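J.: Below you'll find input_25.cif; it's mmCIF, C-alpha atoms.
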```
data_protein
loop_
_atom_site.label_atom_id
_atom_site.label_comp_id
_atom_site.auth_asym_id
_atom_site.auth_seq_id
_atom_site.Cartn_x
_atom_site.Cartn_y
_atom_site.Cartn_z
CA MET A 265 127.13 86.40 -43.64
CA GLN A 266 127.45 90.01 -44.72
CA LYS A 267 131.00 91.35 -44.36
CA ILE A 268 131.29 94.86 -42.96
CA ILE A 269 133.87 97.49 -42.04
CA ILE A 270 134.13 98.42 -38.37
CA ALA A 271 135.81 101.75 -37.58
CA ILE A 272 137.09 102.57 -34.09
CA ASP A 273 138.25 106.15 -33.59
CA GLY A 274 139.06 108.08 -30.47
CA LEU A 275 141.57 109.79 -28.23
CA ALA A 276 145.10 108.51 -27.71
CA ALA A 277 145.57 105.59 -25.31
CA THR A 278 141.90 104.67 -24.97
CA GLY A 279 142.50 101.03 -25.86
CA LYS A 280 141.28 101.29 -29.45
CA SER A 281 143.85 98.81 -30.76
CA THR A 282 143.17 96.29 -27.99
CA GLN A 283 139.46 96.27 -28.68
CA ALA A 284 139.89 96.31 -32.47
CA LYS A 285 142.13 93.24 -32.26
CA LYS A 286 139.63 91.42 -30.05
CA LEU A 287 136.74 92.24 -32.37
CA ALA A 288 138.70 91.15 -35.44
CA SER A 289 139.62 87.86 -33.78
CA TYR A 290 136.04 87.26 -32.64
CA LEU A 291 134.64 87.87 -36.14
CA GLY A 292 137.45 86.28 -38.12
CA TYR A 293 138.15 89.68 -39.67
CA ARG A 294 141.44 91.33 -40.54
CA TYR A 295 142.74 93.93 -38.08
CA ILE A 296 144.45 97.07 -39.40
CA ASP A 297 146.22 99.45 -37.00
CA SER A 298 146.19 102.77 -38.86
CA GLY A 299 147.96 104.48 -35.96
CA ALA A 300 150.89 102.11 -36.37
CA MET A 301 151.13 103.20 -40.00
CA TYR A 302 151.48 106.85 -38.99
CA ARG A 303 154.01 105.83 -36.36
CA ALA A 304 155.95 103.96 -39.05
CA ILE A 305 156.18 107.08 -41.21
CA THR A 306 157.28 109.03 -38.13
CA PHE A 307 159.93 106.42 -37.35
CA PHE A 308 161.07 106.64 -40.98
CA ALA A 309 161.42 110.44 -40.66
CA LEU A 310 163.39 110.11 -37.41
CA GLN A 311 165.64 107.48 -38.97
CA ASN A 312 166.55 109.99 -41.65
CA ASN A 313 167.08 112.84 -39.16
CA TRP A 314 164.32 114.93 -40.70
CA CYS A 315 162.86 115.83 -37.28
CA GLN A 316 165.03 117.75 -34.84
CA ASP A 317 164.48 119.31 -31.38
CA THR A 318 161.90 121.80 -32.66
CA ASN A 319 158.25 121.53 -33.61
CA ASN A 320 159.05 121.22 -37.29
CA CYS A 321 160.22 118.43 -39.60
CA ASP A 322 161.67 118.56 -43.09
CA GLU A 323 158.35 117.92 -44.77
CA LYS A 324 159.69 118.28 -48.30
CA ALA A 325 162.30 115.55 -47.79
CA LEU A 326 159.74 113.22 -46.21
CA ILE A 327 157.12 113.79 -48.91
CA ALA A 328 159.68 113.17 -51.65
CA ALA A 329 160.65 109.86 -50.02
CA LEU A 330 157.13 108.50 -49.53
CA PRO A 331 157.12 106.53 -52.82
CA ASN A 332 160.06 104.55 -51.40
CA VAL A 333 158.11 103.49 -48.30
CA GLN A 334 156.70 99.95 -48.20
CA LEU A 335 154.47 99.05 -45.25
CA ASP A 336 153.25 95.51 -44.61
CA PHE A 337 151.40 93.80 -41.77
CA LEU A 338 152.95 90.33 -41.57
CA PRO A 339 152.59 87.50 -39.02
CA ASP A 340 155.49 86.85 -36.65
CA ALA A 341 156.51 83.44 -35.24
CA THR A 342 153.52 83.48 -32.87
CA GLY A 343 151.04 84.45 -35.57
CA LYS A 344 150.72 88.04 -34.32
CA SER A 345 150.40 90.63 -37.07
CA VAL A 346 153.33 93.05 -36.88
CA LEU A 347 154.25 96.06 -38.98
CA HIS A 348 157.24 95.96 -41.33
CA LEU A 349 158.87 99.00 -42.88
CA ASN A 350 160.71 98.17 -46.10
CA GLY A 351 161.04 94.56 -45.00
CA THR A 352 162.11 95.23 -41.39
CA ASN A 353 159.96 94.51 -38.33
CA ILE A 354 159.57 97.84 -36.51
CA ASP A 355 156.63 96.92 -34.28
CA ASN A 356 158.53 97.66 -31.04
CA GLU A 357 160.43 100.71 -32.29
CA ILE A 358 157.30 102.63 -33.23
CA ARG A 359 156.01 102.54 -29.63
CA SER A 360 158.88 104.69 -28.27
CA MET A 361 158.38 108.12 -26.71
CA ALA A 362 160.50 109.64 -29.50
CA VAL A 363 157.93 108.47 -32.03
CA SER A 364 155.03 109.50 -29.76
CA LYS A 365 156.50 113.00 -29.53
CA TRP A 366 156.47 113.50 -33.29
CA VAL A 367 153.62 111.36 -34.60
CA SER A 368 150.93 114.04 -34.36
CA THR A 369 153.15 116.46 -36.27
CA ILE A 370 153.81 113.92 -39.02
CA ALA A 371 150.16 112.85 -39.13
CA ALA A 372 149.12 116.46 -39.80
CA ILE A 373 151.02 116.56 -43.12
CA PRO A 374 148.35 116.31 -45.87
CA GLU A 375 150.58 114.32 -48.23
CA VAL A 376 151.29 111.73 -45.53
CA ARG A 377 147.59 111.32 -44.84
CA THR A 378 146.79 110.99 -48.56
CA PHE A 379 149.52 108.37 -48.94
CA LEU A 380 148.32 106.27 -46.01
CA VAL A 381 144.58 106.63 -46.62
CA ALA A 382 145.10 105.22 -50.13
CA GLN A 383 146.92 102.23 -48.64
CA GLN A 384 144.26 101.72 -45.97
CA ARG A 385 141.45 101.73 -48.55
CA ALA A 386 143.33 99.30 -50.78
CA ILE A 387 143.83 96.90 -47.87
CA SER A 388 140.12 97.03 -47.12
CA ALA A 389 138.73 96.47 -50.60
CA GLN A 390 137.09 93.17 -49.59
CA LYS A 391 135.67 94.53 -46.32
CA ALA A 392 135.70 92.15 -43.33
CA ILE A 393 138.12 94.42 -41.45
CA VAL A 394 138.34 96.25 -38.16
CA MET A 395 140.45 99.41 -38.32
CA ASP A 396 141.23 101.87 -35.56
CA GLY A 397 142.66 105.37 -35.71
CA ARG A 398 141.70 109.04 -35.60
CA ASP A 399 139.75 109.58 -38.83
CA ILE A 400 138.62 106.11 -39.90
CA GLY A 401 134.89 106.79 -39.55
CA THR A 402 135.07 110.36 -40.86
CA VAL A 403 137.60 110.27 -43.72
CA VAL A 404 138.96 106.80 -44.51
CA PHE A 405 135.63 104.96 -44.36
CA PRO A 406 132.78 107.45 -43.93
CA ASP A 407 130.38 104.72 -45.08
CA ALA A 408 131.60 102.10 -42.59
CA GLU A 409 128.67 100.03 -41.37
CA LEU A 410 129.65 100.28 -37.70
CA LYS A 411 131.56 103.11 -36.02
CA PHE A 412 132.76 103.62 -32.46
CA PHE A 413 134.43 106.62 -30.81
CA PHE A 414 136.41 106.05 -27.59
CA THR A 415 137.03 108.67 -24.92
CA ALA A 416 138.56 108.61 -21.43
CA ARG A 417 139.99 111.01 -18.88
CA PRO A 418 143.60 112.11 -19.64
CA GLU A 419 144.99 110.68 -16.38
CA ILE A 420 143.46 107.27 -17.09
CA ARG A 421 144.91 107.21 -20.59
CA ALA A 422 148.33 108.39 -19.43
CA GLN A 423 148.52 105.66 -16.79
CA ARG A 424 147.69 103.02 -19.38
CA ARG A 425 150.34 104.28 -21.79
CA PHE A 426 152.87 104.72 -18.95
CA GLU A 427 152.55 101.04 -17.99
CA GLU A 428 153.07 100.04 -21.63
CA LEU A 429 156.14 102.23 -22.08
CA GLN A 430 157.93 101.17 -18.90
CA ALA A 431 158.95 97.90 -20.56
CA ILE A 432 160.59 99.87 -23.37
CA ASP A 433 161.91 102.86 -21.42
CA PRO A 434 162.32 102.25 -17.64
CA ASP A 435 163.29 105.91 -17.12
CA ILE A 436 160.02 107.31 -18.45
CA THR A 437 157.90 109.22 -15.94
CA PHE A 438 154.13 109.41 -15.62
CA GLN A 439 154.25 113.20 -15.99
CA GLN A 440 156.07 112.93 -19.31
CA VAL A 441 153.46 110.54 -20.62
CA LEU A 442 150.56 112.68 -19.36
CA GLU A 443 151.99 115.77 -21.04
CA ASN A 444 152.42 113.82 -24.28
CA VAL A 445 148.83 112.53 -24.18
CA VAL A 446 147.42 116.04 -23.60
CA GLU A 447 149.63 117.50 -26.33
CA ARG A 448 148.54 114.83 -28.82
CA ASP A 449 144.87 115.51 -28.01
CA GLN A 450 145.41 119.17 -28.82
CA LYS A 451 147.32 118.56 -32.04
CA ASP A 452 145.06 115.79 -33.32
CA SER A 453 141.88 117.74 -32.65
CA ASN A 454 143.08 121.03 -34.14
CA ARG A 455 145.03 120.01 -37.24
CA LYS A 456 143.68 121.34 -40.53
CA THR A 457 143.71 118.00 -42.35
CA SER A 458 141.40 115.25 -41.05
CA PRO A 459 141.12 116.44 -37.43
CA LEU A 460 140.11 114.04 -34.70
CA ILE A 461 136.34 114.40 -34.41
CA LYS A 462 133.49 112.04 -33.68
CA ALA A 463 131.52 110.96 -36.73
CA SER A 464 127.87 111.92 -36.43
CA ASP A 465 126.82 108.26 -36.65
CA ALA A 466 129.53 106.88 -34.33
CA ILE A 467 128.68 105.27 -31.00
CA GLU A 468 130.59 107.10 -28.26
CA ILE A 469 132.02 105.01 -25.42
CA ASP A 470 133.77 106.41 -22.35
CA VAL A 471 136.21 103.71 -21.25
CA SER A 472 137.54 105.57 -18.20
CA ASP A 473 136.02 103.29 -15.59
CA GLN A 474 135.61 100.06 -17.56
CA ASN A 475 138.04 97.19 -17.94
CA VAL A 476 138.93 95.55 -21.26
CA SER A 477 136.38 92.76 -20.88
CA ALA A 478 133.52 95.12 -20.05
CA VAL A 479 134.26 97.36 -23.05
CA PHE A 480 134.44 94.35 -25.37
CA GLN A 481 131.10 93.01 -24.17
CA LEU A 482 129.60 96.43 -24.80
CA LEU A 483 130.93 96.48 -28.37
CA LEU A 484 129.46 93.06 -29.06
CA ARG A 485 125.99 94.38 -28.28
CA TYR A 486 126.20 96.67 -31.30
CA LEU A 487 127.23 94.04 -33.84
CA PRO A 488 124.68 93.41 -36.61
CA THR A 489 122.65 90.27 -35.88
CA ASN A 490 123.98 88.54 -39.00
CA GLN A 491 127.61 88.66 -37.86
#
```
Would you encode the structure as structure tokens?

T.:
Amino acid sequence: MQKIIIAIDGLAATGKSTQAKKLASYLGYRYIDSGAMYRAITFFALQNNWCQDTNNCDEKALIAALPNVQLDFLPDATGKSVLHLNGTNIDNEIRSMAVSKWVSTIAAIPEVRTFLVAQQRAISAQKAIVMDGRDIGTVVFPDAELKFFFTARPEIRAQRRFEELQAIDPDITFQQVLENVVERDQKDSNRKTSPLIKASDAIEIDVSDQNVSAVFQLLLRYLPTNQ
């Protein structure tokens, strides 16, 4: 069967990763979470105290350190693919609100995007992958054979992310999460480098009023017949 690249882009907290994982499992493809990679770089910057309580980070220090960053998706004891930064599993740490607060700022740095796009393309040299993110269908893989773009109302997305974060931070409030989701939309859509936009050939799906199963069944309808 022909191996293809499937790109899933869209707004924050629309369930892109959930659906990408399900599609990859269904097809026997490799799943790559590009958003986790940007979160890893953000976590790395926070670890080194390069981001303080302002809207700016020490970009020069981060850029200079990028050659020392090693990112790997490795299976854990259950077989789940988790992200490692320089040999350390950081899959839980990158989901924190601290990382969410800064990730759009870090992701807007051109050198960070160049660094990660090169890694993402190298990972995908043999195709047979499903990758989700913000610019997969427009920048990373503009020639991807199948592209989706997810949208949903801000309140729906914030509730989903709020439920996820409660296990990590019991003190988090829905309002904090909603404000973060709206802020990320604004930053991601208006950054100069690789802004969040729908590819002209992407299939747009509003997931606001659909459960995980319904969205997955909808995606399956668009798979090439030889998959």

J.: Record the distance separating CA of Val445 in chain A and CA of Pro459 in chain A, expressed in Å with one decimal.

T.: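 Between CA of Val445 in chain A and CA of Pro459 in chain A the gap works out to 15.8 Å.
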
J.: By how many Å are CA of Ser360 in chain A and CA of Thr378 in chain A apart?

T.: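 So the answer is 24.4 Å.
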
J.: Could you write out as a ChimeraX atom specification the residues that the PyMOL selection byres ((chain A and resi 412-421) around 7) matches in the shown file?

T.: /A:271-275,277-278,410-411,422-425,442,445-446,462,466-472

J.: Take the residues just selected and output them with C-alpha atoms as an mmCIF file, keeping the file's coordinate frame.

T.:
```cif
data_model
loop_
_atom_site.group_PDB
_atom_site.id
_atom_site.type_symbol
_atom_site.label_atom_id
_atom_site.label_comp_id
_atom_site.auth_asym_id
_atom_site.auth_seq_id
_atom_site.Cartn_x
_atom_site.Cartn_y
_atom_site.Cartn_z
ATOM 1 C CA ALA A 271 135.810 101.750 -37.580
ATOM 2 C CA ILE A 272 137.090 102.570 -34.090
ATOM 3 C CA ASP A 273 138.250 106.150 -33.590
ATOM 4 C CA GLY A 274 139.060 108.080 -30.470
ATOM 5 C CA LEU A 275 141.570 109.790 -28.230
ATOM 6 C CA ALA A 277 145.570 105.590 -25.310
ATOM 7 C CA THR A 278 141.900 104.670 -24.970
ATOM 8 C CA LEU A 410 129.650 100.280 -37.700
ATOM 9 C CA LYS A 411 131.560 103.110 -36.020
ATOM 10 C CA ALA A 422 148.330 108.390 -19.430
ATOM 11 C CA GLN A 423 148.520 105.660 -16.790
ATOM 12 C CA ARG A 424 147.690 103.020 -19.380
ATOM 13 C CA ARG A 425 150.340 104.280 -21.790
ATOM 14 C CA LEU A 442 150.560 112.680 -19.360
ATOM 15 C CA VAL A 445 148.830 112.530 -24.180
ATOM 16 C CA VAL A 446 147.420 116.040 -23.600
ATOM 17 C CA LYS A 462 133.490 112.040 -33.680
ATOM 18 C CA ALA A 466 129.530 106.880 -34.330
ATOM 19 C CA ILE A 467 128.680 105.270 -31.000
ATOM 20 C CA GLU A 468 130.590 107.100 -28.260
ATOM 21 C CA ILE A 469 132.020 105.010 -25.420
ATOM 22 C CA ASP A 470 133.770 106.410 -22.350
ATOM 23 C CA VAL A 471 136.210 103.710 -21.250
ATOM 24 C CA SER A 472 137.540 105.570 -18.200
#
```

J.: Tell me, as a list in words, which residues lie within 10 Å of Thr402 in chain A, counting only C-alpha atoms; anything in the same chain fewer than 2 positions away does not count.

T.: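 Residues near the query, excluding close chain neighbours: Ala271, Asp273, Arg398, Asp399, Ile400, Val404, Phe405, Pro406, Asp407, Ala408, Lys411, Ser458, Pro459, Leu460, Ile461, Lys462, Ala463, Ser464, Asp465 and Ala466 of chain A.
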
J.: Could you please determine the separation between CA of Ala304 in chain A and CA of Lys391 in chain A in Å, to one decimal place?

T.: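 Interatomic distance here is 23.5 Å.
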
J.: Listed atoms of range 351-356 of chain A, axis-aligned box, 8 Å per side: centre and edge lengths to one decimal in Å, as lines of an AutoDock Vina configuration file?

T.:
```
center_x = 159.4
center_y = 96.2
center_z = -38.0
size_x = 21.5
size_y = 19.3
size_z = 30.0
```

J.: Could you tell me which residues the PyMOL selection byres ((chain A and resi 292) around 12) grabs in this file, written as a list in words?

T.: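 The output of the PyMOL selection byres ((chain A and resi 292) around 12) on this file is Met265, Lys267, Ile268, Ala284, Lys285, Lys286, Leu287, Ala288, Ser289, Tyr290, Leu291, Tyr293, Arg294, Tyr295, Lys391, Ala392, Ile393, Val394 and Gln491 of chain A.
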
J.: Emit the selected residues as a PDB file, in the coordinates of the input, including C-alpha atoms.

T.:
```pdb
ATOM      1  CA  MET A 265     127.130  86.400 -43.640  1.00  0.00           C
ATOM      2  CA  LYS A 267     131.000  91.350 -44.360  1.00  0.00           C
ATOM      3  CA  ILE A 268     131.290  94.860 -42.960  1.00  0.00           C
ATOM      4  CA  ALA A 284     139.890  96.310 -32.470  1.00  0.00           C
ATOM      5  CA  LYS A 285     142.130  93.240 -32.260  1.00  0.00           C
ATOM      6  CA  LYS A 286     139.630  91.420 -30.050  1.00  0.00           C
ATOM      7  CA  LEU A 287     136.740  92.240 -32.370  1.00  0.00           C
ATOM      8  CA  ALA A 288     138.700  91.150 -35.440  1.00  0.00           C
ATOM      9  CA  SER A 289     139.620  87.860 -33.780  1.00  0.00           C
ATOM     10  CA  TYR A 290     136.040  87.260 -32.640  1.00  0.00           C
ATOM     11  CA  LEU A 291     134.640  87.870 -36.140  1.00  0.00           C
ATOM     12  CA  TYR A 293     138.150  89.680 -39.670  1.00  0.00           C
ATOM     13  CA  ARG A 294     141.440  91.330 -40.540  1.00  0.00           C
ATOM     14  CA  TYR A 295     142.740  93.930 -38.080  1.00  0.00           C
ATOM     15  CA  LYS A 391     135.670  94.530 -46.320  1.00  0.00           C
ATOM     16  CA  ALA A 392     135.700  92.150 -43.330  1.00  0.00           C
ATOM     17  CA  ILE A 393     138.120  94.420 -41.450  1.00  0.00           C
ATOM     18  CA  VAL A 394     138.340  96.250 -38.160  1.00  0.00           C
ATOM     19  CA  GLN A 491     127.610  88.660 -37.860  1.00  0.00           C
TER      20      GLN A 491
END
```

J.: Please list as a compact mmCIF listing (two decimals) with C-alpha atoms, in the frame of the given file every residue within 8 Å of Thr369 in chain A, counting all atoms listed in the file and excluding residues in the same chain fewer than 2 positions away.

T.:
```txt
# COMPACT_ATOMS: atom_id res chain seq x y z
CA ASN A 319 158.25 121.53 -33.61
CA ASN A 320 159.05 121.22 -37.29
CA TRP A 366 156.47 113.50 -33.29
CA VAL A 367 153.62 111.36 -34.60
CA ALA A 371 150.16 112.85 -39.13
CA ALA A 372 149.12 116.46 -39.80
CA ILE A 373 151.02 116.56 -43.12
CA LYS A 451 147.32 118.56 -32.04
```

J.: Decode the PyMOL selection byres ((chain A and resi 303) around 8) for the given file into explicit residues and return them as a ChimeraX atom specification.

T.: /A:299-302,304-307,358-359,363-364,367

J.: Return the single residue from A:Ile270, A:Ala382, A:Ala276, A:Ile327 that is closest to Asp449 in chain A, with distances computed using only C-alpha atoms.

T.: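 Among the listed residues, the smallest separation from Asp449 in chain A belongs to A:Ala276.
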
J.: With distances taken over all atoms listed in the file, which of A:Lys344, A:Arg377, A:Lys365, A:Lys324 is nearest to Arg448 in chain A?

T.: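 Checking each of A:Lys344, A:Arg377, A:Lys365, A:Lys324 against Arg448 in chain A, counting all atoms listed in the file, the winner is A:Lys365.
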
J.: Looking at A:Gln384, A:Gln266, A:Ile370, A:Ala431, which one is nearest to Asp396 in chain A, with distances taken over only C-alpha atoms?

T.: A:Gln384

J.: Which residue is closest to Gln383 in chain A? Choose from A:Thr457, A:Gln283, A:Gln440, A:Ser298 and count all atoms listed in the file.

T.: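 Counting all atoms listed in the file, the residue closest to Gln383 in chain A is A:Ser298.
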
J.: Which one of A:Met395, A:Glu409, A:Glu427, A:Gly351 sits closest to Tyr486 in chain A if you count only C-alpha atoms?

T.: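 Residue with the minimum atom-to-atom distance to Tyr486 in chain A: A:Glu409.
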